[in-house]
Every structure is written in structure tokens, then in C-alpha cells.
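What's in protein.pdb: PDB, C-alpha atoms
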```
ATOM      1  CA  MET A   1      56.212  59.781  78.250  1.00  0.00           C
ATOM      2  CA  GLY A   2      55.780  59.885  74.487  1.00  0.00           C
ATOM      3  CA  ARG A   3      58.135  58.447  71.948  1.00  0.00           C
ATOM      4  CA  GLY A   4      61.220  60.577  71.451  1.00  0.00           C
ATOM      5  CA  GLN A   5      60.759  62.645  74.606  1.00  0.00           C
ATOM      6  CA  ALA A   6      63.530  63.201  77.091  1.00  0.00           C
ATOM      7  CA  THR A   7      63.601  60.878  80.090  1.00  0.00           C
ATOM      8  CA  PRO A   8      64.174  62.077  83.684  1.00  0.00           C
ATOM      9  CA  GLU A   9      67.748  60.769  83.414  1.00  0.00           C
ATOM     10  CA  GLY A  10      68.386  63.100  80.491  1.00  0.00           C
ATOM     11  CA  GLY A  11      68.295  60.442  77.767  1.00  0.00           C
ATOM     12  CA  ASN A  12      65.972  60.031  74.827  1.00  0.00           C
ATOM     13  CA  SER A  13      63.237  57.419  75.190  1.00  0.00           C
ATOM     14  CA  GLY A  14      62.489  57.089  71.482  1.00  0.00           C
ATOM     15  CA  GLY A  15      65.765  56.089  69.875  1.00  0.00           C
ATOM     16  CA  SER A  16      67.685  52.854  69.748  1.00  0.00           C
ATOM     17  CA  ASP A  17      70.881  52.626  71.784  1.00  0.00           C
ATOM     18  CA  PHE A  18      72.056  49.351  70.231  1.00  0.00           C
ATOM     19  CA  ASP A  19      75.583  49.433  68.939  1.00  0.00           C
ATOM     20  CA  THR A  20      76.372  47.946  65.556  1.00  0.00           C
ATOM     21  CA  GLU A  21      77.928  44.810  67.048  1.00  0.00           C
ATOM     22  CA  GLU A  22      74.761  43.936  68.977  1.00  0.00           C
ATOM     23  CA  MET A  23      72.682  44.555  65.867  1.00  0.00           C
ATOM     24  CA  ALA A  24      74.969  42.299  63.800  1.00  0.00           C
ATOM     25  CA  VAL A  25      74.484  39.508  66.334  1.00  0.00           C
ATOM     26  CA  ALA A  26      70.727  40.101  66.356  1.00  0.00           C
ATOM     27  CA  ARG A  27      70.638  39.961  62.543  1.00  0.00           C
ATOM     28  CA  ALA A  28      72.652  36.731  62.536  1.00  0.00           C
ATOM     29  CA  VAL A  29      70.245  35.207  65.057  1.00  0.00           C
ATOM     30  CA  ALA A  30      67.273  36.286  62.937  1.00  0.00           C
ATOM     31  CA  GLU A  31      68.860  34.773  59.834  1.00  0.00           C
ATOM     32  CA  ALA A  32      69.526  31.569  61.735  1.00  0.00           C
ATOM     33  CA  GLY A  33      65.872  31.560  62.775  1.00  0.00           C
ATOM     34  CA  ASN A  34      64.854  31.828  59.129  1.00  0.00           C
ATOM     35  CA  ALA A  35      67.195  28.962  58.247  1.00  0.00           C
ATOM     36  CA  VAL A  36      65.719  26.864  61.032  1.00  0.00           C
ATOM     37  CA  TYR A  37      62.226  27.569  59.762  1.00  0.00           C
ATOM     38  CA  ALA A  38      63.315  26.350  56.325  1.00  0.00           C
ATOM     39  CA  GLN A  39      65.049  23.276  57.777  1.00  0.00           C
ATOM     40  CA  THR A  40      62.997  22.241  60.788  1.00  0.00           C
ATOM     41  CA  PRO A  41      65.165  19.200  61.640  1.00  0.00           C
ATOM     42  CA  LEU A  42      67.773  21.729  62.881  1.00  0.00           C
ATOM     43  CA  LEU A  43      65.338  23.305  65.319  1.00  0.00           C
ATOM     44  CA  PRO A  44      66.383  21.320  68.432  1.00  0.00           C
ATOM     45  CA  SER A  45      70.090  21.958  67.757  1.00  0.00           C
ATOM     46  CA  ILE A  46      69.638  25.692  67.216  1.00  0.00           C
ATOM     47  CA  ILE A  47      67.379  26.147  70.256  1.00  0.00           C
ATOM     48  CA  THR A  48      69.714  24.177  72.525  1.00  0.00           C
ATOM     49  CA  THR A  49      72.751  26.091  71.299  1.00  0.00           C
ATOM     50  CA  ALA A  50      71.041  29.465  71.690  1.00  0.00           C
ATOM     51  CA  TYR A  51      69.906  28.531  75.194  1.00  0.00           C
ATOM     52  CA  THR A  52      73.395  27.551  76.338  1.00  0.00           C
ATOM     53  CA  LEU A  53      75.041  30.668  74.841  1.00  0.00           C
ATOM     54  CA  ARG A  54      72.687  33.158  76.497  1.00  0.00           C
ATOM     55  CA  PRO A  55      74.187  35.280  79.257  1.00  0.00           C
ATOM     56  CA  ARG A  56      72.887  34.992  82.798  1.00  0.00           C
ATOM     57  CA  ARG A  57      70.169  37.522  83.595  1.00  0.00           C
ATOM     58  CA  TRP A  58      70.032  38.549  79.922  1.00  0.00           C
ATOM     59  CA  TRP A  59      66.710  40.318  80.522  1.00  0.00           C
ATOM     60  CA  THR A  60      68.446  42.978  82.652  1.00  0.00           C
ATOM     61  CA  GLN A  61      70.743  44.239  79.865  1.00  0.00           C
ATOM     62  CA  ARG A  62      70.150  45.822  76.494  1.00  0.00           C
ATOM     63  CA  PRO A  63      69.082  44.681  73.941  1.00  0.00           C
ATOM     64  CA  PHE A  64      66.896  42.576  76.307  1.00  0.00           C
ATOM     65  CA  LEU A  65      67.354  39.498  74.129  1.00  0.00           C
ATOM     66  CA  PRO A  66      69.082  36.224  75.051  1.00  0.00           C
ATOM     67  CA  LEU A  67      72.066  36.901  72.755  1.00  0.00           C
ATOM     68  CA  PRO A  68      75.623  35.770  73.454  1.00  0.00           C
ATOM     69  CA  GLU A  69      77.835  38.374  75.109  1.00  0.00           C
ATOM     70  CA  ALA A  70      79.735  40.649  72.719  1.00  0.00           C
ATOM     71  CA  GLU A  71      83.181  39.601  73.977  1.00  0.00           C
ATOM     72  CA  TYR A  72      82.357  35.910  73.495  1.00  0.00           C
ATOM     73  CA  THR A  73      80.971  36.635  70.018  1.00  0.00           C
ATOM     74  CA  ARG A  74      84.139  38.532  69.022  1.00  0.00           C
ATOM     75  CA  TRP A  75      86.295  35.669  70.295  1.00  0.00           C
ATOM     76  CA  ARG A  76      84.232  33.051  68.408  1.00  0.00           C
ATOM     77  CA  LEU A  77      84.377  35.075  65.189  1.00  0.00           C
ATOM     78  CA  TYR A  78      88.131  35.525  65.562  1.00  0.00           C
ATOM     79  CA  THR A  79      88.768  31.828  66.224  1.00  0.00           C
ATOM     80  CA  ALA A  80      86.439  30.748  63.413  1.00  0.00           C
ATOM     81  CA  TYR A  81      87.396  33.269  60.711  1.00  0.00           C
ATOM     82  CA  GLY A  82      90.462  35.161  61.924  1.00  0.00           C
ATOM     83  CA  ASN A  83      88.359  38.335  61.866  1.00  0.00           C
ATOM     84  CA  ARG A  84      86.236  39.723  64.699  1.00  0.00           C
ATOM     85  CA  ARG A  85      83.950  41.647  62.335  1.00  0.00           C
ATOM     86  CA  ARG A  86      83.063  38.918  59.818  1.00  0.00           C
ATOM     87  CA  ARG A  87      79.406  37.981  59.848  1.00  0.00           C
ATOM     88  CA  PRO A  88      78.735  34.253  60.067  1.00  0.00           C
ATOM     89  CA  THR A  89      76.597  32.731  57.351  1.00  0.00           C
ATOM     90  CA  VAL A  90      73.388  30.929  58.151  1.00  0.00           C
ATOM     91  CA  SER A  91      74.965  27.631  57.145  1.00  0.00           C
ATOM     92  CA  ASP A  92      77.896  28.316  59.509  1.00  0.00           C
ATOM     93  CA  ILE A  93      75.487  28.901  62.403  1.00  0.00           C
ATOM     94  CA  ALA A  94      73.524  25.757  61.578  1.00  0.00           C
ATOM     95  CA  SER A  95      76.717  23.705  61.211  1.00  0.00           C
ATOM     96  CA  PHE A  96      78.003  24.956  64.553  1.00  0.00           C
ATOM     97  CA  ALA A  97      74.730  24.012  66.266  1.00  0.00           C
ATOM     98  CA  VAL A  98      74.778  20.500  64.796  1.00  0.00           C
ATOM     99  CA  TRP A  99      78.489  20.080  65.642  1.00  0.00           C
ATOM    100  CA  ARG A 100      77.877  21.248  69.213  1.00  0.00           C
ATOM    101  CA  GLN A 101      74.997  18.819  69.639  1.00  0.00           C
ATOM    102  CA  GLY A 102      77.183  15.960  68.384  1.00  0.00           C
ATOM    103  CA  ILE A 103      79.984  16.859  70.791  1.00  0.00           C
ATOM    104  CA  ARG A 104      77.486  17.071  73.631  1.00  0.00           C
ATOM    105  CA  ARG A 105      76.253  13.560  72.836  1.00  0.00           C
ATOM    106  CA  LEU A 106      79.820  12.222  72.837  1.00  0.00           C
ATOM    107  CA  VAL A 107      80.522  13.848  76.199  1.00  0.00           C
ATOM    108  CA  ASP A 108      77.295  12.439  77.615  1.00  0.00           C
ATOM    109  CA  MET A 109      78.143   8.942  76.330  1.00  0.00           C
ATOM    110  CA  GLY A 110      81.623   9.132  77.834  1.00  0.00           C
ATOM    111  CA  SER A 111      80.316  10.037  81.268  1.00  0.00           C
ATOM    112  CA  GLN A 112      78.097   6.944  81.500  1.00  0.00           C
TER     113      GLN A 112
END
```
Starting from the file, give its structure as C-alpha cells.
Amino acid sequence: MGRGQATPEGGNSGGSDFDTEEMAVARAVAEAGNAVYAQTPLLPSIITTAYTLRPRRWWTQRPFLPLPEAEYTRWRLYTAYGNRRRRPTVSDIASFAVWRQGIRRLVDMGSQ
């Protein structure tokens, strides 16, 4: 089937079905990736954080990216900023990843 043609289910195969919330998360992840590229010492923290926040079987759901679930993202934005629609800054994402890695180390040290 060509781009933009109707599918057997009656949908359109050429357009994007992403809602704005998913796209905002995807943009934030892309911006975080750019920040990581600029500050490579953050790479392990960002990758580990992204890996742990991915939903199970993420490849079976749109947008077919290992992004955190929308409900979790809304909750995190609300608890961090008091607003579910505020976009996190790149420095906020990087700070969260470093903070999470530090907490993880403390937990690991306490369990030994």
C-alpha cells in the first residue's frame, strides 16, 4: 500500500496518529539526547534512567519507542512542577538522571 492510502481497517496509512502528549515526551527525549551528546559524562545516567522508565513490551504500542507511559509522565510533571503540561528542560532531565543514579547507589550500598 502506498503512503496515504486507506488501510483494510479503514484507517489512513500515511499520517501520524501520535497525540500531542506523546510528541512532547518524544521531543523531551530528543532534547535530552542532544544534551547527553554535549555532556558525555551523563550518558550512563541517561541511558540507565531511560531503560528503567520504558514500559514493558513498548514495541507493541505506538509510537513504537521506549518512552515512559503517558500517565506516569503526567504524574511526574505534576509532582515536579505542579503542572501536567509543563515541558521539562534538558537540565531538569539530566539532573533527574544523575539524582536517580545517586539514589540507586545508596540503595545498593544499604543492601550489602
Selection near Arg27 in chain A, 12 Å with all atoms listed in the file, sequence-local residues under 5 positions removed, as a list in words: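 Selected residues are Thr20, Glu21, Glu22, Ala32, Gly33, Asn34, Leu67, Arg87, Pro88, Thr89 and Val90 of chain A.
Taking CA of Ser45 in chain A and CA of Val98 in chain A as endpoints, the distance between them is 5.7 Å.
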Interatomic distance, CA of Arg105 in chain A to CA of Leu77 in chain A (Å, one decimal):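 Rounded to one decimal, the two atoms are 24.2 Å apart.
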Selection result of the PyMOL selection byres ((chain A and resi 65) around 12) on this file, as a PyMOL selection string: chain A and resi 18+22-23+25-26+29-30+50-51+53-64+66-69
Using C-alpha atoms, can you write the selected residues to a file as a CSV table (one decimal), in the coordinates of the input?
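Once written, selection-v6.csv looks like this:
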```csv
chain,number,residue,atom,x,y,z
A,18,PHE,CA,72.1,49.4,70.2
A,22,GLU,CA,74.8,43.9,69.0
A,23,MET,CA,72.7,44.6,65.9
A,25,VAL,CA,74.5,39.5,66.3
A,26,ALA,CA,70.7,40.1,66.4
A,29,VAL,CA,70.2,35.2,65.1
A,30,ALA,CA,67.3,36.3,62.9
A,50,ALA,CA,71.0,29.5,71.7
A,51,TYR,CA,69.9,28.5,75.2
A,53,LEU,CA,75.0,30.7,74.8
A,54,ARG,CA,72.7,33.2,76.5
A,55,PRO,CA,74.2,35.3,79.3
A,56,ARG,CA,72.9,35.0,82.8
A,57,ARG,CA,70.2,37.5,83.6
A,58,TRP,CA,70.0,38.5,79.9
A,59,TRP,CA,66.7,40.3,80.5
A,60,THR,CA,68.4,43.0,82.7
A,61,GLN,CA,70.7,44.2,79.9
A,62,ARG,CA,70.2,45.8,76.5
A,63,PRO,CA,69.1,44.7,73.9
A,64,PHE,CA,66.9,42.6,76.3
A,66,PRO,CA,69.1,36.2,75.1
A,67,LEU,CA,72.1,36.9,72.8
A,68,PRO,CA,75.6,35.8,73.5
A,69,GLU,CA,77.8,38.4,75.1
```
Using the file's own x, y and z axes, so that the box edges lie along x, y and z, what centre and edge lengths in Å (one decimal) does a box around every listed atom of range 80-95 of chain A get when 8 Å is added on each side? Give it as lines of an AutoDock Vina configuration file.
```
center_x = 81.9
center_y = 32.7
center_z = 60.9
size_x = 33.1
size_y = 33.9
size_z = 23.6
```
Atom pair CA of Arg84 in chain A / CA of Ala24 in chain A: separation (Å): 11.6 Å
Taking the partial coordinates given, rebuild range 28-63 of chain A to contain N, CA and C atoms; return it as a short mmCIF file (atom, residue, chain, number, x, y, z; two decimals), keeping the file's coordinate frame.
```
data_model
loop_
_atom_site.label_atom_id
_atom_site.label_comp_id
_atom_site.auth_asym_id
_atom_site.auth_seq_id
_atom_site.Cartn_x
_atom_site.Cartn_y
_atom_site.Cartn_z
N ALA A 28 72.20 38.12 62.75
CA ALA A 28 72.65 36.73 62.54
C ALA A 28 71.69 35.74 63.19
N VAL A 29 71.21 36.07 64.38
CA VAL A 29 70.24 35.21 65.06
C VAL A 29 68.95 35.13 64.26
N ALA A 30 68.50 36.27 63.74
CA ALA A 30 67.27 36.29 62.94
C ALA A 30 67.44 35.45 61.67
N GLU A 31 68.60 35.57 61.03
CA GLU A 31 68.86 34.77 59.83
C GLU A 31 68.91 33.29 60.17
N ALA A 32 69.50 32.97 61.31
CA ALA A 32 69.53 31.57 61.74
C ALA A 32 68.10 31.07 61.98
N GLY A 33 67.27 31.93 62.57
CA GLY A 33 65.87 31.56 62.78
C GLY A 33 65.17 31.27 61.47
N ASN A 34 65.44 32.08 60.45
CA ASN A 34 64.85 31.83 59.13
C ASN A 34 65.36 30.52 58.55
N ALA A 35 66.63 30.22 58.74
CA ALA A 35 67.19 28.96 58.25
C ALA A 35 66.56 27.78 58.97
N VAL A 36 66.34 27.93 60.26
CA VAL A 36 65.72 26.86 61.03
C VAL A 36 64.30 26.62 60.53
N TYR A 37 63.59 27.71 60.26
CA TYR A 37 62.23 27.57 59.76
C TYR A 37 62.22 26.79 58.45
N ALA A 38 63.23 27.05 57.61
CA ALA A 38 63.32 26.35 56.32
C ALA A 38 63.76 24.91 56.50
N GLN A 39 64.52 24.63 57.54
CA GLN A 39 65.05 23.28 57.78
C GLN A 39 64.70 22.87 59.21
N THR A 40 63.46 22.52 59.43
CA THR A 40 63.00 22.24 60.79
C THR A 40 63.74 21.12 61.52
N PRO A 41 64.40 20.18 60.86
CA PRO A 41 65.17 19.20 61.64
C PRO A 41 66.29 19.83 62.47
N LEU A 42 66.73 21.05 62.12
CA LEU A 42 67.77 21.73 62.88
C LEU A 42 67.23 22.44 64.12
N LEU A 43 65.94 22.53 64.24
CA LEU A 43 65.34 23.30 65.32
C LEU A 43 65.85 22.92 66.71
N PRO A 44 65.87 21.65 67.09
CA PRO A 44 66.38 21.32 68.43
C PRO A 44 67.84 21.75 68.65
N SER A 45 68.68 21.57 67.63
CA SER A 45 70.09 21.96 67.76
C SER A 45 70.25 23.46 67.94
N ILE A 46 69.53 24.24 67.14
CA ILE A 46 69.64 25.69 67.22
C ILE A 46 69.10 26.20 68.56
N ILE A 47 67.97 25.69 68.99
CA ILE A 47 67.38 26.15 70.26
C ILE A 47 68.29 25.80 71.42
N THR A 48 68.82 24.59 71.44
CA THR A 48 69.71 24.18 72.53
C THR A 48 70.97 25.03 72.54
N THR A 49 71.54 25.27 71.38
CA THR A 49 72.75 26.09 71.30
C THR A 49 72.47 27.51 71.76
N ALA A 50 71.39 28.10 71.28
CA ALA A 50 71.04 29.46 71.69
C ALA A 50 70.82 29.54 73.20
N TYR A 51 70.18 28.55 73.75
CA TYR A 51 69.91 28.53 75.19
C TYR A 51 71.20 28.49 76.00
N THR A 52 72.16 27.67 75.57
CA THR A 52 73.40 27.55 76.34
C THR A 52 74.32 28.76 76.17
N LEU A 53 74.17 29.51 75.08
CA LEU A 53 75.04 30.67 74.84
C LEU A 53 74.50 31.95 75.45
N ARG A 54 73.28 31.93 75.96
CA ARG A 54 72.69 33.16 76.50
C ARG A 54 73.41 33.55 77.78
N PRO A 55 73.57 34.85 78.01
CA PRO A 55 74.19 35.28 79.26
C PRO A 55 73.21 35.15 80.43
N ARG A 56 73.74 35.00 81.61
CA ARG A 56 72.89 34.99 82.80
C ARG A 56 72.20 36.34 82.94
N ARG A 57 70.97 36.31 83.38
CA ARG A 57 70.17 37.52 83.60
C ARG A 57 70.14 38.42 82.36
N TRP A 58 70.02 37.81 81.18
CA TRP A 58 70.03 38.55 79.92
C TRP A 58 68.93 39.59 79.86
N TRP A 59 67.84 39.40 80.57
CA TRP A 59 66.71 40.32 80.52
C TRP A 59 66.99 41.64 81.24
N THR A 60 68.12 41.74 81.95
CA THR A 60 68.45 42.98 82.65
C THR A 60 69.37 43.90 81.85
N GLN A 61 69.79 43.47 80.66
CA GLN A 61 70.74 44.24 79.86
C GLN A 61 70.20 44.44 78.46
N ARG A 62 70.52 45.59 77.88
CA ARG A 62 70.15 45.82 76.49
C ARG A 62 70.90 44.87 75.62
N PRO A 63 70.35 44.38 74.58
CA PRO A 63 69.08 44.68 73.94
C PRO A 63 67.90 43.86 74.46
#
```
